[in-house]
>>> print(open('target-v9.txt').read())   # compact mmCIF, C-alpha atoms
# COMPACT_ATOMS: atom_id res chain seq x y z
CA GLU G 116 -9.90 10.42 -42.47
CA THR G 117 -10.99 9.84 -46.07
CA GLY G 118 -7.57 9.14 -47.55
CA VAL G 119 -7.54 12.44 -49.43
CA THR G 120 -5.36 15.11 -47.83
CA GLN G 121 -5.38 18.78 -48.76
CA THR G 122 -2.93 21.54 -47.83
CA PRO G 123 -3.09 24.25 -46.78
CA ARG G 124 -6.41 24.09 -44.97
CA HIS G 125 -6.67 27.88 -44.96
CA LEU G 126 -5.12 30.41 -47.33
CA VAL G 127 -5.44 34.17 -47.51
CA MET G 128 -3.93 35.77 -50.58
CA GLY G 129 -3.87 39.13 -52.30
CA MET G 130 -5.11 39.57 -55.82
CA THR G 131 -1.58 39.85 -57.19
CA ASN G 132 -0.20 36.81 -55.36
CA LYS G 133 0.65 33.40 -56.76
CA LYS G 134 -0.11 30.44 -54.55
CA SER G 135 -0.87 26.75 -54.91
CA LEU G 136 -3.23 24.25 -53.32
CA LYS G 137 -2.00 20.69 -52.92
CA CYS G 138 -3.91 17.44 -52.78
CA GLU G 139 -2.63 13.93 -52.12
CA GLN G 140 -4.66 10.75 -52.14
CA HIS G 141 -3.57 7.54 -50.41
CA LEU G 142 -6.27 5.32 -51.89
CA GLY G 143 -4.58 4.09 -55.04
CA HIS G 144 -7.20 5.85 -57.15
CA ASN G 145 -6.69 6.74 -60.79
CA ALA G 146 -8.91 9.82 -61.06
CA MET G 147 -8.65 13.11 -59.19
CA TYR G 148 -10.89 16.17 -59.17
CA TRP G 149 -11.06 19.81 -58.11
CA TYR G 150 -14.41 21.18 -56.98
CA LYS G 151 -15.35 24.69 -55.88
CA GLN G 152 -17.84 25.14 -53.06
CA SER G 153 -19.37 28.58 -52.56
CA ALA G 154 -21.92 29.49 -49.93
CA LYS G 155 -25.44 28.24 -50.70
CA LYS G 156 -24.48 26.96 -54.15
CA PRO G 157 -24.09 23.41 -55.39
CA LEU G 158 -20.63 21.98 -55.72
CA GLU G 159 -19.05 23.04 -59.02
CA LEU G 160 -16.75 20.64 -60.83
CA MET G 161 -13.63 22.46 -62.06
CA PHE G 162 -11.16 19.88 -63.37
CA VAL G 163 -10.87 16.14 -63.74
CA TYR G 164 -7.69 14.13 -64.22
CA SER G 165 -7.57 10.47 -65.14
CA LEU G 166 -4.22 8.71 -65.03
CA GLU G 167 -2.49 12.09 -64.89
CA GLU G 168 -4.21 13.40 -68.01
CA ARG G 169 -6.76 16.22 -67.86
CA VAL G 170 -10.06 14.90 -69.16
CA GLU G 171 -12.41 17.71 -68.23
CA ASN G 172 -12.12 21.46 -67.87
CA ASN G 173 -15.45 23.05 -67.10
CA SER G 174 -14.96 26.58 -68.42
CA VAL G 175 -12.76 27.57 -65.53
CA PRO G 176 -10.92 30.93 -65.81
CA SER G 177 -7.25 30.65 -66.71
CA ARG G 178 -6.25 32.20 -63.39
CA PHE G 179 -6.82 28.65 -62.06
CA SER G 180 -4.22 26.23 -63.41
CA PRO G 181 -4.26 22.55 -62.41
CA GLU G 182 -1.30 20.19 -62.44
CA CYS G 183 -1.23 16.43 -61.92
CA PRO G 184 2.39 15.16 -61.76
CA ASN G 185 1.32 11.60 -60.86
CA SER G 186 -1.85 9.72 -59.98
CA SER G 187 -1.48 10.47 -56.25
CA HIS G 188 -0.94 14.22 -56.39
CA LEU G 189 -2.95 17.12 -57.73
CA PHE G 190 -2.21 20.83 -57.54
CA LEU G 191 -4.27 23.93 -58.20
CA HIS G 192 -2.08 26.91 -59.04
CA LEU G 193 -3.67 30.28 -58.31
CA HIS G 194 -2.69 33.56 -59.96
CA THR G 195 -4.30 37.04 -59.95
CA LEU G 196 -7.48 35.83 -58.33
CA GLN G 197 -10.53 37.96 -57.66
CA PRO G 198 -12.42 38.35 -54.36
CA GLU G 199 -15.32 36.34 -55.81
CA ASP G 200 -12.94 33.38 -56.07
CA SER G 201 -13.03 33.11 -52.28
CA ALA G 202 -14.51 29.69 -51.53
CA LEU G 203 -13.80 26.22 -50.24
CA TYR G 204 -11.81 24.23 -52.80
CA LEU G 205 -12.32 20.51 -52.52
CA CYS G 206 -10.11 17.83 -53.95
CA ALA G 207 -11.58 14.40 -54.57
CA SER G 208 -10.59 11.07 -56.04
CA SER G 209 -12.24 7.95 -57.38
CA GLN G 210 -10.97 4.54 -58.40
CA ASP G 211 -11.53 5.30 -62.05
CA TYR G 212 -12.79 8.17 -64.17
CA SER G 213 -15.76 6.12 -65.26
CA LEU G 214 -18.12 6.45 -62.29
CA ASP G 215 -19.66 3.01 -62.49
CA TYR G 216 -21.41 0.87 -59.90
CA GLY G 217 -19.52 0.98 -56.62
CA ASN G 218 -17.03 3.54 -57.90
CA THR G 219 -17.77 6.90 -56.41
CA ILE G 220 -16.02 10.04 -55.33
CA TYR G 221 -14.23 10.59 -52.02
CA PHE G 222 -13.51 14.15 -50.91
CA GLY G 223 -10.69 15.76 -49.00
CA GLU G 224 -11.32 18.20 -46.16
CA GLY G 225 -10.96 21.23 -48.40
CA SER G 226 -8.84 24.34 -48.57
CA TRP G 227 -10.53 27.56 -47.48
CA LEU G 228 -9.37 30.34 -49.79
CA THR G 229 -9.89 34.02 -49.07
CA VAL G 230 -8.85 36.56 -51.69
CA VAL G 231 -8.36 40.07 -50.38
CA GLY A 23 -27.72 21.10 -67.49
CA GLN A 24 -29.42 18.98 -64.88
CA GLN A 25 -30.49 20.56 -61.63
CA LEU A 26 -31.38 19.02 -58.33
CA ASN A 27 -33.90 20.63 -56.02
CA GLN A 28 -33.02 19.74 -52.46
CA SER A 29 -35.37 20.56 -49.62
CA PRO A 30 -35.62 21.83 -47.07
CA GLN A 31 -32.73 24.29 -47.20
CA SER A 32 -32.41 24.21 -43.44
CA MET A 33 -33.96 22.44 -40.48
CA PHE A 34 -33.96 23.08 -36.75
CA ILE A 35 -35.06 20.05 -34.76
CA GLN A 36 -35.05 18.81 -31.19
CA GLU A 37 -32.72 16.02 -30.21
CA GLY A 38 -34.52 12.71 -30.54
CA GLU A 39 -36.75 13.78 -33.42
CA ASP A 40 -36.75 12.14 -36.82
CA VAL A 41 -35.60 14.08 -39.88
CA SER A 42 -36.55 13.78 -43.52
CA MET A 43 -35.07 15.55 -46.53
CA ASN A 44 -35.39 14.95 -50.24
CA CYS A 45 -34.07 15.73 -53.67
CA THR A 46 -35.99 15.93 -56.90
CA SER A 47 -34.90 16.33 -60.47
CA SER A 48 -36.47 16.80 -63.86
CA SER A 49 -33.95 14.28 -65.21
CA ILE A 50 -33.47 10.59 -64.58
CA PHE A 51 -30.44 9.42 -62.65
CA ASN A 52 -28.89 5.96 -62.42
CA THR A 53 -27.36 6.52 -59.00
CA TRP A 54 -28.23 8.65 -56.00
CA LEU A 55 -25.65 9.54 -53.39
CA TRP A 56 -26.05 11.20 -50.02
CA TYR A 57 -23.14 13.06 -48.40
CA LYS A 58 -22.73 14.81 -45.05
CA GLN A 59 -20.43 17.77 -44.57
CA GLU A 60 -19.50 18.89 -41.08
CA PRO A 61 -18.19 22.39 -40.39
CA GLY A 62 -14.68 22.84 -41.74
CA GLU A 63 -14.62 19.42 -43.41
CA GLY A 64 -15.21 17.95 -46.83
CA PRO A 65 -18.32 15.92 -47.75
CA VAL A 66 -18.33 12.32 -46.57
CA LEU A 67 -20.33 9.66 -48.38
CA LEU A 68 -23.19 8.28 -46.26
CA ILE A 69 -25.26 6.13 -48.59
CA ALA A 70 -25.14 5.15 -52.25
CA LEU A 71 -28.24 3.91 -54.11
CA TYR A 72 -27.99 2.12 -57.45
CA LYS A 73 -31.45 0.77 -58.29
CA ALA A 74 -34.86 2.37 -58.55
CA GLY A 75 -36.90 1.52 -55.48
CA GLU A 76 -33.82 0.56 -53.47
CA LEU A 77 -34.04 1.26 -49.75
CA THR A 78 -30.71 1.29 -47.91
CA SER A 79 -29.84 1.90 -44.27
CA ASN A 80 -26.65 3.00 -42.57
CA GLY A 81 -27.25 3.00 -38.82
CA ARG A 82 -29.94 5.55 -38.08
CA LEU A 83 -29.90 6.76 -41.68
CA THR A 84 -32.21 5.39 -44.35
CA ALA A 85 -32.30 6.50 -47.96
CA GLN A 86 -34.48 5.49 -50.87
CA PHE A 87 -34.06 5.69 -54.62
CA GLY A 88 -37.39 6.83 -56.05
CA ILE A 89 -39.26 4.58 -58.45
CA THR A 90 -39.32 7.27 -61.13
CA ARG A 91 -35.51 7.64 -60.77
CA LYS A 92 -36.06 11.38 -60.43
CA ASP A 93 -36.02 11.63 -56.67
CA SER A 94 -34.50 10.35 -53.47
CA PHE A 95 -35.04 10.92 -49.78
CA LEU A 96 -32.92 10.61 -46.67
CA ASN A 97 -34.34 9.94 -43.22
CA ILE A 98 -32.49 10.24 -39.94
CA SER A 99 -34.14 8.63 -36.94
CA ALA A 100 -33.74 9.70 -33.32
CA SER A 101 -31.43 12.61 -34.11
CA ILE A 102 -28.44 13.37 -31.89
CA PRO A 103 -26.24 16.48 -31.63
CA SER A 104 -23.50 14.99 -33.84
CA ASP A 105 -25.97 14.81 -36.73
CA VAL A 106 -25.42 18.55 -37.21
CA GLY A 107 -24.06 19.41 -40.62
CA ILE A 108 -24.99 19.94 -44.24
CA TYR A 109 -26.47 17.01 -46.09
CA PHE A 110 -26.02 16.89 -49.87
CA CYS A 111 -27.69 14.72 -52.40
CA ALA A 112 -26.00 13.95 -55.70
CA GLY A 113 -27.38 12.34 -58.79
CA GLN A 114 -25.15 10.43 -61.16
CA LEU A 115 -25.69 9.37 -64.77
CA ARG A 116 -23.71 6.16 -64.80
CA SER A 117 -24.16 5.54 -68.49
CA SER A 118 -22.27 8.68 -69.40
CA GLY A 119 -19.24 7.55 -67.39
CA SER A 120 -18.31 11.09 -66.64
CA ALA A 121 -17.92 13.05 -63.43
CA ARG A 122 -19.54 15.91 -65.29
CA GLN A 123 -22.80 14.06 -64.80
CA LEU A 124 -22.47 14.00 -60.99
CA THR A 125 -24.93 16.76 -60.10
CA PHE A 126 -25.14 18.05 -56.53
CA GLY A 127 -28.02 19.58 -54.63
CA SER A 128 -27.56 22.81 -52.70
CA GLY A 129 -27.64 21.04 -49.36
CA THR A 130 -29.84 20.85 -46.27
CA GLN A 131 -28.37 22.51 -43.18
CA LEU A 132 -29.40 20.48 -40.13
CA THR A 133 -29.27 21.92 -36.62
CA VAL A 134 -30.11 19.67 -33.65
CA LEU A 135 -31.18 21.48 -30.50
CA PRO A 136 -30.52 19.81 -27.15
>>> encode(input="target-v9.txt", output="structure tokens")
Amino acid sequence: ETGVTQTPRHLVMGMTNKKSLKCEQHLGHNAMYWYKQSAKKPLELMFVYSLEERVENNSVPSRFSPECPNSSHLFLHLHTLQPEDSALYLCASSQDYSLDYGNTIYFGEGSWLTVV
Amino acid sequence: GQQLNQSPQSMFIQEGEDVSMNCTSSSIFNTWLWYKQEPGEGPVLLIALYKAGELTSNGRLTAQFGITRKDSFLNISASIPSDVGIYFCAGQLRSSGSARQLTFGSGTQLTVLP
């Protein structure tokens, strides 16, 4: 138990569906992240939020839309995805956005997404 | 951008053997992190290294921050079946203060045979 909880753990959706991934952290952290993990590729940073404000958006297609209503919750809204978007989506948090000494990233268990 | 070369990609070892894996980069990092990811789970932080030359242990795991700041290795002694998983290294540029500078390796898949 890392203190970062993701739901659902598994999601299968059609290319025309709209769905959302949810993340909640119980660590009192101020920064939250979405990463994409594809087979045999390094983790790809998608979005970063610090104190509920988006601070990074790494050229992610607009069919992925993040939302951070408060510092404990983070959503990833999914719309008209493609089969190549199938992957493990990891939420993470850290005490602060500035990754200084002793302040590192803790991951949730991930949401397995399959687009059919 | 920065890239980390993590090797080996996969390892099959007998229970009780020692394991060694490493990451190298063409860029300097201020911090090296090692994570383990078990099937169906997210990565879990094992060891964090903050100074060049630092050697840190966590149970049977030992990791070192290379003197050049461009490499790190992770050793696992006397492997057991529960060591199975994917081990990731990550390099972090602390001075930039940005998660963008947390670069991950592609992982080493470890299989421990009984």
>>> interface_residues(input="target-v9.txt", of="chain A", to="chain G", cutoff="12 Å", atoms="only C-alpha atoms", output="JSON, numbers by chain")
{"A": [24, 25, 26, 27, 28, 31, 32, 52, 53, 54, 55, 56, 57, 58, 59, 60, 61, 62, 63, 64, 65, 66, 67, 68, 69, 70, 71, 72, 73, 108, 109, 110, 111, 112, 113, 114, 115, 116, 117, 118, 119, 120, 121, 122, 123, 124, 125, 126, 127, 128, 129, 130, 131]}
>>> atom_distance(input="target-v9.txt", atom1="atom CA of G:Leu193", atom2="atom CA of G:Leu142")
25.9 Å
>>> residues_around(input="target-v9.txt", residues="stretch 183-190 of chain G", least_positions_apart="3", cutoff="6 Å", atoms="all atoms listed in the file", output="PyMOL selection string")
chain G and resi 136-140+145+166-167
>>> build_atoms(input="target-v9.txt", residues="stretch 73-86 of chain A", atoms="N, CA, C and O atoms", output="PDB file, in the frame of the given file")
ATOM      1  N   LYS A  73     -30.295   1.314 -57.561  1.00  0.00           N
ATOM      2  CA  LYS A  73     -31.450   0.770 -58.290  1.00  0.00           C
ATOM      3  C   LYS A  73     -32.713   1.475 -57.875  1.00  0.00           C
ATOM      4  O   LYS A  73     -32.918   1.745 -56.682  1.00  0.00           O
ATOM      5  N   ALA A  74     -33.578   1.736 -58.847  1.00  0.00           N
ATOM      6  CA  ALA A  74     -34.860   2.370 -58.550  1.00  0.00           C
ATOM      7  C   ALA A  74     -35.626   1.519 -57.541  1.00  0.00           C
ATOM      8  O   ALA A  74     -35.704   0.293 -57.667  1.00  0.00           O
ATOM      9  N   GLY A  75     -36.163   2.215 -56.530  1.00  0.00           N
ATOM     10  CA  GLY A  75     -36.900   1.520 -55.480  1.00  0.00           C
ATOM     11  C   GLY A  75     -36.039   1.038 -54.333  1.00  0.00           C
ATOM     12  O   GLY A  75     -36.558   0.648 -53.277  1.00  0.00           O
ATOM     13  N   GLU A  76     -34.735   1.065 -54.500  1.00  0.00           N
ATOM     14  CA  GLU A  76     -33.820   0.560 -53.470  1.00  0.00           C
ATOM     15  C   GLU A  76     -33.949   1.368 -52.191  1.00  0.00           C
ATOM     16  O   GLU A  76     -34.013   2.591 -52.218  1.00  0.00           O
ATOM     17  N   LEU A  77     -33.994   0.659 -51.077  1.00  0.00           N
ATOM     18  CA  LEU A  77     -34.040   1.260 -49.750  1.00  0.00           C
ATOM     19  C   LEU A  77     -32.814   0.758 -48.999  1.00  0.00           C
ATOM     20  O   LEU A  77     -32.634  -0.452 -48.848  1.00  0.00           O
ATOM     21  N   THR A  78     -31.976   1.671 -48.551  1.00  0.00           N
ATOM     22  CA  THR A  78     -30.710   1.290 -47.910  1.00  0.00           C
ATOM     23  C   THR A  78     -30.551   2.019 -46.590  1.00  0.00           C
ATOM     24  O   THR A  78     -30.858   3.204 -46.505  1.00  0.00           O
ATOM     25  N   SER A  79     -30.064   1.303 -45.592  1.00  0.00           N
ATOM     26  CA  SER A  79     -29.840   1.900 -44.270  1.00  0.00           C
ATOM     27  C   SER A  79     -28.374   1.887 -43.905  1.00  0.00           C
ATOM     28  O   SER A  79     -27.615   1.011 -44.323  1.00  0.00           O
ATOM     29  N   ASN A  80     -28.011   2.890 -43.123  1.00  0.00           N
ATOM     30  CA  ASN A  80     -26.650   3.000 -42.570  1.00  0.00           C
ATOM     31  C   ASN A  80     -26.830   3.525 -41.154  1.00  0.00           C
ATOM     32  O   ASN A  80     -26.885   4.715 -40.916  1.00  0.00           O
ATOM     33  N   GLY A  81     -26.971   2.593 -40.199  1.00  0.00           N
ATOM     34  CA  GLY A  81     -27.250   3.000 -38.820  1.00  0.00           C
ATOM     35  C   GLY A  81     -28.616   3.631 -38.717  1.00  0.00           C
ATOM     36  O   GLY A  81     -29.623   3.052 -39.142  1.00  0.00           O
ATOM     37  N   ARG A  82     -28.664   4.852 -38.217  1.00  0.00           N
ATOM     38  CA  ARG A  82     -29.940   5.550 -38.080  1.00  0.00           C
ATOM     39  C   ARG A  82     -30.375   6.244 -39.366  1.00  0.00           C
ATOM     40  O   ARG A  82     -31.420   6.884 -39.403  1.00  0.00           O
ATOM     41  N   LEU A  83     -29.593   6.122 -40.398  1.00  0.00           N
ATOM     42  CA  LEU A  83     -29.900   6.760 -41.680  1.00  0.00           C
ATOM     43  C   LEU A  83     -30.536   5.755 -42.628  1.00  0.00           C
ATOM     44  O   LEU A  83     -30.087   4.610 -42.720  1.00  0.00           O
ATOM     45  N   THR A  84     -31.567   6.196 -43.319  1.00  0.00           N
ATOM     46  CA  THR A  84     -32.210   5.390 -44.350  1.00  0.00           C
ATOM     47  C   THR A  84     -32.425   6.263 -45.566  1.00  0.00           C
ATOM     48  O   THR A  84     -32.908   7.393 -45.443  1.00  0.00           O
ATOM     49  N   ALA A  85     -32.097   5.745 -46.724  1.00  0.00           N
ATOM     50  CA  ALA A  85     -32.300   6.500 -47.960  1.00  0.00           C
ATOM     51  C   ALA A  85     -32.992   5.612 -48.974  1.00  0.00           C
ATOM     52  O   ALA A  85     -32.836   4.389 -48.965  1.00  0.00           O
ATOM     53  N   GLN A  86     -33.776   6.239 -49.836  1.00  0.00           N
ATOM     54  CA  GLN A  86     -34.480   5.490 -50.870  1.00  0.00           C
ATOM     55  C   GLN A  86     -34.283   6.133 -52.235  1.00  0.00           C
ATOM     56  O   GLN A  86     -34.263   7.366 -52.359  1.00  0.00           O
TER      57      GLN A  86
END
